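First the structure, in the form of structure tokens, and then the observations on it.
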Amino acid sequence: MNVEELVRDSLREQAADVPPPRSGFADRVLAERRRRRARTLAAAAATAALVVAAAVGVPAMSGADGPDNGRGQGIQVAGGEVSGHDVQSHVDQSPPRDRIAVGDQVLAAYSTSKKVQQPNRDEIVERTYSVLNQQTGRYEVDERWSFLAVAPGMRTAAVLERELPAPRIGLLDLRTGEVTRWIPLAQGVGGLFFSPDGSKLVATTYDKNPDRAYWSHKVQVNDDLEPWRVPCRTGFAVVDVATGASDWHALPAYSGGGGNYGSGENLRFNTDGTLLYEPINMAPGVVYRDFDGRKVTVPAEEAHVDLMFAPAGLSPDGGLVAGPFAGGVRTTATQVLDPRTGKRVAKLRGQELLAWVDSRRLIAWDIAPGGGEYENRLVLVGIGSEKTISLSGARTPKDHSSKRWEPIFARS
């Protein structure tokens with residue numbers, strides 16, 4: 001799919017609270033993943049007016065809960081049955097109020113978002129985070145931060161204050177809720193990700209708020225005009241968490257292949273933390289870079305990693321990789337692949353694979369029984385299993401709603 005098609009899809013999806021119909025259920029789910037995870041698409045290519053058809057009925061979904069009623073009993077994986085002793089679920093809660101976890105993979109926090117209209121008709125998408133209180137086991141709203149990333153071990157989060165781009169990074173003690181240290185940066189920061197071992201942060205820098213859409217760069221969607229984001233990424237810094245030392249490198253918003261691609265994507269570390277991973281909104285979908293910002297060859301073991309469509313990435317043992325949506329017109333399914341060949345190894349239930357619990361089980365989004373295609377809830381799926389275990393209640397399909405939340409997982 002070329003960038004023009006991606007732009008058209010993105011604008012169609014943004015044109016209404018309930019997304020419009022597409023050629024099939026699989027296309028709609030892929031477009032939802034693309035819309036929700038990509039920060040922007042090409043502003044220049046997005047000026048064409050679009051015609052969106054009327055909504056149609058939602059297809060019926062397979063994938064009912066197992067006999068455990070969401071408490072973790074009965075899921076089958078290759079090699080035997082998995083017990084439910086390590087599952088904490090709250091199938092009646094959305095957003096969650098109480099701790100959700102499977103093994104040491106924990107829902108450490110989640111965010112909701114809202115659009116804030118500005119006097120000049122600009123719009124800013126503001127996130128609000130709910131963070132797990134590890135003493136009470138409940139999620140507590142913390143409105144201080146515009147961006148939050150949780151380190152492995154769940155002792156520390158990196159945070160940015162409300163006004164973006166932010167001049168400093170806070171290190172938040174997740175046990176006390178207090179910032180223990182501030183790390184100043186000369187360039188304003190708009191996004192953060194920890195390395196897999198938690199020793200480093202990659203801070204993506206901007207000269208404007210990357211979550212702001214500008215009326216001066218409006219685009220036409222159906223019969224309406226909407227504000228649009230502009231290229232504003234300036235670069236990135238790799239930050240040593242222990243010392244606060246950082247090394248900044250210029251890296252404007254990706255523009256390979258002609259045109260520009262919105263405000264730019266937040267960079268993140270690859271699987272072993274030796275390279276940086278930049279999602280882009282055109283083929284091949286990702287660019288790997290070294291810590292100086294230079295493009296490098298994709299590592300062989302990560303040739304089929306796609307964090308936009310399958311955020312779980314490589315399995316803990318490196319033997320499998322989460323694959324994209326594999327459902328049909330009226331069914332949901334996901335897949336896991338051989339990381340070197342890309343060949344399908346197993347087909348699972350669900351819509352999107354979010355996090356590996358171990359090398360046989362994953363946490364995924366899937367449609368709640370009887371729900372619409374965007375009313376999804378967290379589930380546990382396993383290789384070799386036809387069952388799912390519900391972990392949460394279903395989200396609302398309405399974007400920028402207090403009941404549509406984005407999970408942040410971390411190992412405890």
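Within each chain, counting starts at residue 1; across the structure tokens, chains are named A, B, ... in the order shown, with ligands numbered 1 upward in that order.
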
Exercise for the section: Do a neighbour search on A:Leu171 at 7 Å with only C-alpha atoms, toss out local chain neighbours closer than 5 positions, and write the hits as a PyMOL selection string. Expected result: chain A and resi 156-159+179-182

Problem - Atomic distance atom CA of A:Ala242 - atom CA of A:Ala109, expressed in Å with one decimal - result: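 Rounded to one decimal, the two atoms are 23.0 Å apart.
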
Exercise for the section: Measure the distance from atom CA of A:Arg344 to atom CA of A:Val106 in Å and round it to one decimal. Expected result: 27.3 Å

Problem - Spatial neighbours of A:Gln117, 12 Å, only C-alpha atoms, chain gap at least 3 places, as a list of chain:residue names - result: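 My reading of the contact set: A:Lys114, A:Asn120, A:Arg121, A:Asp122, A:Glu123, A:Ile124, A:Val125, A:Glu126, A:Arg212, A:Ala213, A:Tyr214, A:Trp215, A:Glu226, A:Pro227.
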
Problem - Two-atom distance - atom CA of A:Pro311, atom CA of A:Ser385 (Å) - result: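 Between atom CA of A:Pro311 and atom CA of A:Ser385 the gap works out to 20.6 Å.
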
Practice task
Extract, using only C-alpha atoms, all DNA, RNA and protein residues at most 12 Å from A:Leu148, discarding same-chain residues fewer than 3 positions from it, and format them as a ChimeraX atom specification.
Solution key: /A:108-111,127-131,142-145,151,156-162,169-172,174,189-194,201,203,406-409

Which residues are near A:Trp356? Cut-off 12 Å, only C-alpha atoms, ignore same chain within fewer than 4 positions. Put them as a JSON list (two decimals) with all heavy atoms, in the first residue's frame.
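In the end it all went to part.json:
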[["chain", "number", "residue", "atom", "x", "y", "z"],
["A", 101, "ALA", "N", -2.24, -8.61, 35.33],
["A", 101, "ALA", "CA", -0.92, -9.17, 35.08],
["A", 101, "ALA", "C", -1.04, -10.64, 34.72],
["A", 101, "ALA", "O", -2.01, -11.31, 35.09],
["A", 101, "ALA", "CB", -0.03, -9.02, 36.32],
["A", 102, "VAL", "N", -0.06, -11.11, 33.95],
["A", 102, "VAL", "CA", 0.11, -12.54, 33.70],
["A", 102, "VAL", "C", 1.58, -12.83, 33.92],
["A", 102, "VAL", "O", 2.44, -12.29, 33.22],
["A", 102, "VAL", "CB", -0.31, -12.95, 32.28],
["A", 102, "VAL", "CG1", -0.20, -14.47, 32.13],
["A", 102, "VAL", "CG2", -1.72, -12.48, 31.96],
["A", 103, "GLY", "N", 1.89, -13.70, 34.89],
["A", 103, "GLY", "CA", 3.29, -13.92, 35.24],
["A", 103, "GLY", "C", 3.91, -12.62, 35.69],
["A", 103, "GLY", "O", 3.34, -11.88, 36.49],
["A", 104, "ASP", "N", 5.09, -12.31, 35.16],
["A", 104, "ASP", "CA", 5.74, -11.05, 35.52],
["A", 104, "ASP", "C", 5.48, -9.95, 34.49],
["A", 104, "ASP", "O", 6.07, -8.86, 34.57],
["A", 104, "ASP", "CB", 7.24, -11.24, 35.72],
["A", 104, "ASP", "CG", 7.98, -11.61, 34.44],
["A", 104, "ASP", "OD1", 7.33, -11.85, 33.41],
["A", 104, "ASP", "OD2", 9.22, -11.67, 34.48],
["A", 105, "GLN", "N", 4.59, -10.21, 33.54],
["A", 105, "GLN", "CA", 4.20, -9.19, 32.56],
["A", 105, "GLN", "C", 2.99, -8.44, 33.13],
["A", 105, "GLN", "O", 1.91, -9.01, 33.29],
["A", 105, "GLN", "CB", 3.86, -9.81, 31.22],
["A", 105, "GLN", "CG", 3.65, -8.84, 30.08],
["A", 105, "GLN", "CD", 4.91, -8.13, 29.67],
["A", 105, "GLN", "OE1", 5.18, -7.02, 30.15],
["A", 105, "GLN", "NE2", 5.69, -8.73, 28.79],
["A", 106, "VAL", "N", 3.19, -7.16, 33.42],
["A", 106, "VAL", "CA", 2.20, -6.39, 34.18],
["A", 106, "VAL", "C", 1.72, -5.21, 33.35],
["A", 106, "VAL", "O", 2.51, -4.55, 32.66],
["A", 106, "VAL", "CB", 2.81, -5.88, 35.51],
["A", 106, "VAL", "CG1", 1.77, -5.11, 36.32],
["A", 106, "VAL", "CG2", 3.36, -7.04, 36.32],
["A", 310, "ALA", "N", 2.46, -5.28, 15.29],
["A", 310, "ALA", "CA", 2.58, -6.38, 16.26],
["A", 310, "ALA", "C", 3.58, -5.95, 17.34],
["A", 310, "ALA", "O", 4.74, -6.34, 17.32],
["A", 310, "ALA", "CB", 3.04, -7.66, 15.57],
["A", 311, "PRO", "N", 3.14, -5.12, 18.29],
["A", 311, "PRO", "CA", 4.06, -4.53, 19.27],
["A", 311, "PRO", "C", 4.80, -5.53, 20.14],
["A", 311, "PRO", "O", 5.82, -5.17, 20.74],
["A", 311, "PRO", "CB", 3.13, -3.66, 20.12],
["A", 311, "PRO", "CG", 1.96, -3.38, 19.25],
["A", 311, "PRO", "CD", 1.77, -4.60, 18.41],
["A", 312, "ALA", "N", 4.34, -6.77, 20.23],
["A", 312, "ALA", "CA", 5.02, -7.75, 21.08],
["A", 312, "ALA", "C", 6.45, -8.03, 20.63],
["A", 312, "ALA", "O", 7.32, -8.36, 21.43],
["A", 312, "ALA", "CB", 4.22, -9.05, 21.14],
["A", 313, "GLY", "N", 6.73, -7.96, 19.31],
["A", 313, "GLY", "CA", 8.08, -8.17, 18.81],
["A", 313, "GLY", "C", 8.55, -9.59, 19.01],
["A", 313, "GLY", "O", 7.79, -10.56, 18.91],
["A", 314, "LEU", "N", 9.86, -9.75, 19.30],
["A", 314, "LEU", "CA", 10.46, -11.07, 19.47],
["A", 314, "LEU", "C", 10.04, -11.70, 20.79],
["A", 314, "LEU", "O", 9.86, -11.02, 21.81],
["A", 314, "LEU", "CB", 11.99, -10.96, 19.45],
["A", 314, "LEU", "CG", 12.67, -10.79, 18.08],
["A", 314, "LEU", "CD1", 14.16, -10.59, 18.29],
["A", 314, "LEU", "CD2", 12.42, -12.00, 17.19],
["A", 315, "SER", "N", 9.93, -13.03, 20.79],
["A", 315, "SER", "CA", 9.65, -13.76, 22.02],
["A", 315, "SER", "C", 10.86, -13.70, 22.95],
["A", 315, "SER", "O", 11.98, -13.42, 22.50],
["A", 315, "SER", "CB", 9.31, -15.21, 21.70],
["A", 315, "SER", "OG", 10.41, -15.86, 21.06],
["A", 316, "PRO", "N", 10.69, -13.95, 24.24],
["A", 316, "PRO", "CA", 11.81, -13.86, 25.17],
["A", 316, "PRO", "C", 12.99, -14.75, 24.81],
["A", 316, "PRO", "O", 14.15, -14.38, 25.07],
["A", 316, "PRO", "CB", 11.18, -14.29, 26.50],
["A", 316, "PRO", "CG", 9.75, -13.90, 26.37],
["A", 316, "PRO", "CD", 9.40, -14.16, 24.94],
["A", 317, "ASP", "N", 12.74, -15.91, 24.20],
["A", 317, "ASP", "CA", 13.85, -16.79, 23.82],
["A", 317, "ASP", "C", 14.37, -16.49, 22.42],
["A", 317, "ASP", "O", 15.31, -17.15, 21.95],
["A", 317, "ASP", "CB", 13.45, -18.25, 23.95],
["A", 317, "ASP", "CG", 12.32, -18.67, 22.99],
["A", 317, "ASP", "OD1", 11.89, -17.82, 22.16],
["A", 317, "ASP", "OD2", 11.87, -19.82, 23.08],
["A", 318, "GLY", "N", 13.77, -15.52, 21.73],
["A", 318, "GLY", "CA", 14.21, -15.15, 20.39],
["A", 318, "GLY", "C", 13.80, -16.11, 19.30],
["A", 318, "GLY", "O", 14.16, -15.91, 18.14],
["A", 320, "LEU", "N", 10.67, -16.83, 18.19],
["A", 320, "LEU", "CA", 9.45, -16.48, 17.47],
["A", 320, "LEU", "C", 9.33, -14.96, 17.42],
["A", 320, "LEU", "O", 9.95, -14.25, 18.22],
["A", 320, "LEU", "CB", 8.21, -17.08, 18.16],
["A", 320, "LEU", "CG", 8.13, -18.60, 18.28],
["A", 320, "LEU", "CD1", 6.99, -19.00, 19.21],
["A", 320, "LEU", "CD2", 7.95, -19.24, 16.90],
["A", 321, "VAL", "N", 8.50, -14.49, 16.48],
["A", 321, "VAL", "CA", 8.21, -13.06, 16.43],
["A", 321, "VAL", "C", 6.71, -12.89, 16.21],
["A", 321, "VAL", "O", 6.08, -13.65, 15.47],
["A", 321, "VAL", "CB", 9.01, -12.36, 15.31],
["A", 321, "VAL", "CG1", 8.62, -12.87, 13.92],
["A", 321, "VAL", "CG2", 8.85, -10.85, 15.39],
["A", 322, "ALA", "N", 6.15, -11.92, 16.91],
["A", 322, "ALA", "CA", 4.73, -11.62, 16.74],
["A", 322, "ALA", "C", 4.50, -11.11, 15.33],
["A", 322, "ALA", "O", 5.25, -10.29, 14.81],
["A", 322, "ALA", "CB", 4.29, -10.58, 17.76],
["A", 336, "VAL", "N", 2.10, -15.91, 14.74],
["A", 336, "VAL", "CA", 3.50, -15.78, 15.12],
["A", 336, "VAL", "C", 4.33, -16.38, 13.99],
["A", 336, "VAL", "O", 3.91, -17.33, 13.32],
["A", 336, "VAL", "CB", 3.82, -16.45, 16.47],
["A", 336, "VAL", "CG1", 3.11, -15.72, 17.60],
["A", 336, "VAL", "CG2", 3.44, -17.92, 16.47],
["A", 352, "GLU", "N", -4.44, -8.09, 17.74],
["A", 352, "GLU", "CA", -3.11, -7.48, 17.76],
["A", 352, "GLU", "C", -2.34, -8.03, 18.96],
["A", 352, "GLU", "O", -2.84, -8.01, 20.09],
["A", 352, "GLU", "CB", -3.24, -5.96, 17.87],
["A", 352, "GLU", "CG", -1.91, -5.23, 17.86],
["A", 352, "GLU", "CD", -2.09, -3.74, 18.04],
["A", 352, "GLU", "OE1", -3.12, -3.31, 18.60],
["A", 352, "GLU", "OE2", -1.19, -2.99, 17.63],
["A", 360, "ARG", "N", 5.54, -18.88, 24.96],
["A", 360, "ARG", "CA", 4.38, -19.59, 24.42],
["A", 360, "ARG", "C", 3.08, -18.81, 24.56],
["A", 360, "ARG", "O", 2.09, -19.14, 23.92],
["A", 360, "ARG", "CB", 4.19, -20.96, 25.14],
["A", 360, "ARG", "CG", 5.42, -21.82, 25.22],
["A", 360, "ARG", "CD", 6.02, -22.11, 23.88],
["A", 360, "ARG", "NE", 5.21, -23.03, 23.09],
["A", 360, "ARG", "CZ", 5.53, -23.41, 21.85],
["A", 360, "ARG", "NH1", 6.62, -22.93, 21.26],
["A", 360, "ARG", "NH2", 4.76, -24.24, 21.19],
["A", 361, "ARG", "N", 3.06, -17.78, 25.40],
["A", 361, "ARG", "CA", 1.82, -17.04, 25.66],
["A", 361, "ARG", "C", 2.03, -15.55, 25.38],
["A", 361, "ARG", "O", 3.11, -15.01, 25.62],
["A", 361, "ARG", "CB", 1.36, -17.24, 27.10],
["A", 361, "ARG", "CG", 1.03, -18.66, 27.48],
["A", 361, "ARG", "CD", 0.59, -18.75, 28.93],
["A", 361, "ARG", "NE", 1.66, -18.31, 29.85],
["A", 361, "ARG", "CZ", 1.47, -18.06, 31.13],
["A", 361, "ARG", "NH1", 0.25, -18.14, 31.66],
["A", 361, "ARG", "NH2", 2.48, -17.69, 31.90],
["A", 362, "LEU", "N", 0.95, -14.90, 24.93],
["A", 362, "LEU", "CA", 0.99, -13.48, 24.65],
["A", 362, "LEU", "C", -0.28, -12.80, 25.14],
["A", 362, "LEU", "O", -1.34, -13.42, 25.22],
["A", 362, "LEU", "CB", 1.13, -13.20, 23.15],
["A", 362, "LEU", "CG", 2.32, -13.76, 22.41],
["A", 362, "LEU", "CD1", 1.92, -15.03, 21.66],
["A", 362, "LEU", "CD2", 2.89, -12.74, 21.43],
["A", 363, "ILE", "N", -0.14, -11.51, 25.44],
["A", 363, "ILE", "CA", -1.29, -10.65, 25.71],
["A", 363, "ILE", "C", -1.65, -9.95, 24.41],
["A", 363, "ILE", "O", -0.77, -9.45, 23.70],
["A", 363, "ILE", "CB", -0.98, -9.65, 26.82],
["A", 363, "ILE", "CG1", -0.70, -10.40, 28.14],
["A", 363, "ILE", "CG2", -2.15, -8.68, 27.02],
["A", 363, "ILE", "CD1", -0.21, -9.51, 29.26],
["A", 364, "ALA", "N", -2.94, -9.93, 24.10],
["A", 364, "ALA", "CA", -3.40, -9.37, 22.82],
["A", 364, "ALA", "C", -4.66, -8.55, 23.03],
["A", 364, "ALA", "O", -5.32, -8.64, 24.08],
["A", 364, "ALA", "CB", -3.69, -10.51, 21.83],
["A", 379, "VAL", "N", -6.74, -9.86, 26.20],
["A", 379, "VAL", "CA", -6.91, -11.30, 26.37],
["A", 379, "VAL", "C", -5.54, -11.96, 26.44],
["A", 379, "VAL", "O", -4.54, -11.41, 25.98],
["A", 379, "VAL", "CB", -7.72, -11.92, 25.21],
["A", 379, "VAL", "CG1", -9.12, -11.34, 25.15],
["A", 379, "VAL", "CG2", -7.00, -11.75, 23.89],
["A", 380, "LEU", "N", -5.51, -13.15, 27.00],
["A", 380, "LEU", "CA", -4.33, -14.01, 26.98],
["A", 380, "LEU", "C", -4.55, -15.08, 25.93],
["A", 380, "LEU", "O", -5.59, -15.75, 25.91],
["A", 380, "LEU", "CB", -4.13, -14.65, 28.36],
["A", 380, "LEU", "CG", -2.96, -15.62, 28.49],
["A", 380, "LEU", "CD1", -1.62, -14.90, 28.32],
["A", 380, "LEU", "CD2", -3.01, -16.33, 29.85],
["A", 381, "VAL", "N", -3.59, -15.23, 25.02],
["A", 381, "VAL", "CA", -3.65, -16.27, 24.00],
["A", 381, "VAL", "C", -2.40, -17.11, 24.10],
["A", 381, "VAL", "O", -1.38, -16.68, 24.62],
["A", 381, "VAL", "CB", -3.79, -15.68, 22.58],
["A", 381, "VAL", "CG1", -5.09, -14.91, 22.46],
["A", 381, "VAL", "CG2", -2.61, -14.79, 22.23],
["A", 382, "GLY", "N", -2.49, -18.35, 23.60],
["A", 382, "GLY", "CA", -1.35, -19.24, 23.67],
["A", 382, "GLY", "C", -1.16, -20.03, 22.39],
["A", 382, "GLY", "O", -2.13, -20.35, 21.70],
["A", 383, "ILE", "N", 0.07, -20.32, 22.06],
["A", 383, "ILE", "CA", 0.38, -21.12, 20.88],
["A", 383, "ILE", "C", -0.17, -22.53, 21.10],
["A", 383, "ILE", "O", 0.09, -23.16, 22.12],
["A", 383, "ILE", "CB", 1.90, -21.14, 20.64],
["A", 383, "ILE", "CG1", 2.39, -19.73, 20.33],
["A", 383, "ILE", "CG2", 2.25, -22.10, 19.50],
["A", 383, "ILE", "CD1", 3.89, -19.60, 20.29],
["A", 409, "PHE", "N", 2.86, -1.95, 29.13],
["A", 409, "PHE", "CA", 3.27, -3.16, 29.83],
["A", 409, "PHE", "C", 4.73, -3.06, 30.27],
["A", 409, "PHE", "O", 5.55, -2.42, 29.61],
["A", 409, "PHE", "CB", 3.09, -4.39, 28.94],
["A", 409, "PHE", "CG", 1.66, -4.72, 28.65],
["A", 409, "PHE", "CD1", 1.07, -4.35, 27.45],
["A", 409, "PHE", "CD2", 0.88, -5.39, 29.59],
["A", 409, "PHE", "CE1", -0.26, -4.65, 27.18],
["A", 409, "PHE", "CE2", -0.44, -5.69, 29.33],
["A", 409, "PHE", "CZ", -1.02, -5.33, 28.13],
["A", 410, "ALA", "N", 5.05, -3.72, 31.34],
["A", 410, "ALA", "CA", 6.43, -3.82, 31.82],
["A", 410, "ALA", "C", 6.56, -5.09, 32.64],
["A", 410, "ALA", "O", 5.59, -5.57, 33.23],
["A", 410, "ALA", "CB", 6.84, -2.61, 32.64],
["A", 411, "ARG", "N", 7.78, -5.63, 32.65],
["A", 411, "ARG", "CA", 8.04, -6.79, 33.51],
["A", 411, "ARG", "C", 8.38, -6.33, 34.91],
["A", 411, "ARG", "O", 9.13, -5.38, 35.10],
["A", 411, "ARG", "CB", 9.17, -7.64, 32.92],
["A", 411, "ARG", "CG", 8.76, -8.29, 31.60],
["A", 411, "ARG", "CD", 9.67, -9.44, 31.23],
["A", 411, "ARG", "NE", 9.26, -10.03, 29.96],
["A", 411, "ARG", "CZ", 8.33, -10.97, 29.82],
["A", 411, "ARG", "NH1", 7.74, -11.45, 30.91],
["A", 411, "ARG", "NH2", 8.02, -11.45, 28.63]]

Handout entry: Nearby residues (only C-alpha atoms) at most 12 Å from A:Gln134, same-chain spacing under 6 positions excluded, as a PyMOL selection string
Key = chain A and resi 98-100+106-109+140+153-156+173-177+412

Exercise for the section: Determine the nearest neighbour of A:Leu337 from the options A:Gly319, A:Pro152, A:Gly293, A:Gly350, counting only C-alpha atoms. Expected result: A:Gly319

Could you pull out the strand (DSSP E) residues of stretch 266-392 of chain A, going by DSSP on the backbone, and write them as a compact mmCIF listing (two decimals) with N, CA, C and O atoms, in the first residue's frame?
# COMPACT_ATOMS: atom_id res chain seq x y z
N ARG A 268 12.68 4.37 19.21
CA ARG A 268 12.75 3.43 20.33
C ARG A 268 13.91 2.48 20.09
O ARG A 268 14.47 2.42 18.99
N PHE A 269 14.27 1.74 21.11
CA PHE A 269 15.38 0.79 20.98
C PHE A 269 14.90 -0.50 20.32
O PHE A 269 13.74 -0.90 20.46
N LEU A 276 18.58 1.74 17.18
CA LEU A 276 17.32 2.46 17.32
C LEU A 276 16.39 2.05 16.18
O LEU A 276 16.83 1.76 15.08
N TYR A 277 15.12 2.06 16.48
CA TYR A 277 14.07 1.60 15.57
C TYR A 277 13.15 2.77 15.31
O TYR A 277 12.59 3.36 16.24
N GLU A 278 12.97 3.15 14.04
CA GLU A 278 12.12 4.27 13.67
C GLU A 278 10.98 3.79 12.79
O GLU A 278 11.20 3.45 11.62
N PRO A 279 9.74 3.75 13.28
CA PRO A 279 8.61 3.41 12.41
C PRO A 279 8.40 4.51 11.38
O PRO A 279 8.51 5.71 11.70
N VAL A 286 9.90 0.59 8.50
CA VAL A 286 10.81 0.83 9.62
C VAL A 286 12.19 1.16 9.08
O VAL A 286 12.57 0.70 7.98
N VAL A 287 12.92 1.97 9.82
CA VAL A 287 14.33 2.24 9.54
C VAL A 287 15.10 1.97 10.82
O VAL A 287 14.72 2.46 11.89
N TYR A 288 16.16 1.17 10.74
CA TYR A 288 17.05 0.96 11.87
C TYR A 288 18.20 1.96 11.77
O TYR A 288 18.73 2.23 10.69
N ARG A 289 18.60 2.50 12.93
CA ARG A 289 19.68 3.47 12.98
C ARG A 289 20.63 3.14 14.13
O ARG A 289 20.22 2.55 15.14
N LYS A 295 21.56 5.28 9.12
CA LYS A 295 20.81 4.09 8.74
C LYS A 295 21.73 2.88 8.74
O LYS A 295 22.87 2.96 8.29
N VAL A 296 21.22 1.75 9.24
CA VAL A 296 21.99 0.50 9.25
C VAL A 296 21.09 -0.62 8.75
O VAL A 296 19.86 -0.49 8.68
N VAL A 321 8.50 -14.49 16.48
CA VAL A 321 8.21 -13.06 16.43
C VAL A 321 6.71 -12.89 16.21
O VAL A 321 6.08 -13.65 15.47
N ALA A 322 6.15 -11.92 16.91
CA ALA A 322 4.73 -11.62 16.74
C ALA A 322 4.50 -11.11 15.33
O ALA A 322 5.25 -10.29 14.81
N THR A 334 -4.51 -13.71 14.80
CA THR A 334 -3.16 -13.18 14.72
C THR A 334 -2.24 -14.34 14.37
O THR A 334 -2.68 -15.47 14.21
N GLN A 335 -0.96 -14.06 14.28
CA GLN A 335 -0.02 -15.11 13.91
C GLN A 335 1.34 -14.84 14.55
O GLN A 335 1.67 -13.70 14.88
N VAL A 336 2.10 -15.91 14.74
CA VAL A 336 3.50 -15.78 15.12
C VAL A 336 4.33 -16.38 13.99
O VAL A 336 3.91 -17.33 13.32
N LEU A 337 5.52 -15.81 13.79
CA LEU A 337 6.34 -16.14 12.64
C LEU A 337 7.71 -16.63 13.06
O LEU A 337 8.17 -16.39 14.18
N ARG A 344 4.92 -18.38 8.71
CA ARG A 344 4.00 -18.53 9.83
C ARG A 344 4.28 -19.83 10.58
O ARG A 344 4.36 -20.91 9.98
N VAL A 345 4.39 -19.72 11.89
CA VAL A 345 4.60 -20.87 12.75
C VAL A 345 3.30 -21.29 13.40
O VAL A 345 3.04 -22.48 13.59
N ALA A 346 2.48 -20.31 13.76
CA ALA A 346 1.21 -20.62 14.43
C ALA A 346 0.23 -19.49 14.17
O ALA A 346 0.62 -18.34 13.97
N LYS A 347 -1.04 -19.86 14.17
CA LYS A 347 -2.13 -18.89 14.05
C LYS A 347 -2.89 -18.87 15.37
O LYS A 347 -3.26 -19.93 15.90
N LEU A 348 -3.09 -17.67 15.91
CA LEU A 348 -3.70 -17.50 17.22
C LEU A 348 -4.98 -16.71 17.11
O LEU A 348 -5.30 -16.14 16.07
N GLU A 352 -4.44 -8.09 17.74
CA GLU A 352 -3.11 -7.48 17.76
C GLU A 352 -2.34 -8.03 18.96
O GLU A 352 -2.84 -8.01 20.09
N LEU A 353 -1.11 -8.51 18.71
CA LEU A 353 -0.28 -9.09 19.76
C LEU A 353 0.53 -7.98 20.42
O LEU A 353 1.37 -7.35 19.79
N LEU A 354 0.30 -7.78 21.72
CA LEU A 354 0.85 -6.63 22.43
C LEU A 354 2.11 -6.94 23.22
O LEU A 354 3.03 -6.10 23.26
N ALA A 355 2.17 -8.08 23.89
CA ALA A 355 3.32 -8.37 24.76
C ALA A 355 3.42 -9.87 25.00
O ALA A 355 2.41 -10.54 25.20
N TRP A 356 4.66 -10.38 24.98
CA TRP A 356 4.91 -11.77 25.33
C TRP A 356 4.90 -11.91 26.85
O TRP A 356 5.53 -11.14 27.56
N ARG A 361 3.06 -17.78 25.40
CA ARG A 361 1.82 -17.04 25.66
C ARG A 361 2.03 -15.55 25.38
O ARG A 361 3.11 -15.01 25.62
N LEU A 362 0.95 -14.90 24.93
CA LEU A 362 0.99 -13.48 24.65
C LEU A 362 -0.28 -12.80 25.14
O LEU A 362 -1.34 -13.42 25.22
N ILE A 363 -0.14 -11.51 25.44
CA ILE A 363 -1.29 -10.65 25.71
C ILE A 363 -1.65 -9.95 24.41
O ILE A 363 -0.77 -9.45 23.70
N ALA A 364 -2.94 -9.93 24.10
CA ALA A 364 -3.40 -9.37 22.82
C ALA A 364 -4.66 -8.55 23.03
O ALA A 364 -5.32 -8.64 24.08
N TRP A 365 -4.98 -7.73 22.04
CA TRP A 365 -6.33 -7.18 21.94
C TRP A 365 -7.20 -8.18 21.18
O TRP A 365 -6.74 -8.82 20.25
N ASP A 366 -8.46 -8.29 21.59
CA ASP A 366 -9.43 -9.02 20.78
C ASP A 366 -10.81 -8.46 21.06
O ASP A 366 -11.04 -7.80 22.09
N ILE A 367 -11.73 -8.75 20.18
CA ILE A 367 -13.09 -8.22 20.29
C ILE A 367 -13.82 -8.92 21.43
O ILE A 367 -13.76 -10.14 21.58
N ASN A 376 -12.68 -3.71 21.80
CA ASN A 376 -11.78 -4.81 22.13
C ASN A 376 -11.33 -4.77 23.58
O ASN A 376 -11.37 -3.73 24.24
N ARG A 377 -10.92 -5.94 24.07
CA ARG A 377 -10.44 -6.06 25.44
C ARG A 377 -9.15 -6.85 25.44
O ARG A 377 -8.81 -7.54 24.47
N LEU A 378 -8.39 -6.76 26.53
CA LEU A 378 -7.16 -7.53 26.66
C LEU A 378 -7.49 -8.99 26.89
O LEU A 378 -8.38 -9.33 27.67
N VAL A 379 -6.74 -9.86 26.20
CA VAL A 379 -6.91 -11.30 26.37
C VAL A 379 -5.54 -11.96 26.44
O VAL A 379 -4.54 -11.41 25.98
N LEU A 380 -5.51 -13.15 27.00
CA LEU A 380 -4.33 -14.01 26.98
C LEU A 380 -4.55 -15.08 25.93
O LEU A 380 -5.59 -15.75 25.91
N VAL A 381 -3.59 -15.23 25.02
CA VAL A 381 -3.65 -16.27 24.00
C VAL A 381 -2.40 -17.11 24.10
O VAL A 381 -1.38 -16.68 24.62
N GLY A 382 -2.49 -18.35 23.60
CA GLY A 382 -1.35 -19.24 23.67
C GLY A 382 -1.16 -20.03 22.39
O GLY A 382 -2.13 -20.35 21.70
N ILE A 389 -8.36 -16.10 27.17
CA ILE A 389 -8.71 -15.76 28.55
C ILE A 389 -8.85 -14.25 28.62
O ILE A 389 -7.89 -13.52 28.36
N SER A 390 -10.01 -13.76 28.98
CA SER A 390 -10.22 -12.33 29.09
C SER A 390 -9.45 -11.77 30.28
O SER A 390 -9.41 -12.38 31.36

Completion exercise
Of A:Val298, A:Tyr374, A:His85, A:Lys115, the one sitting nearest A:Lys398 when using only C-alpha atoms is A:Tyr374
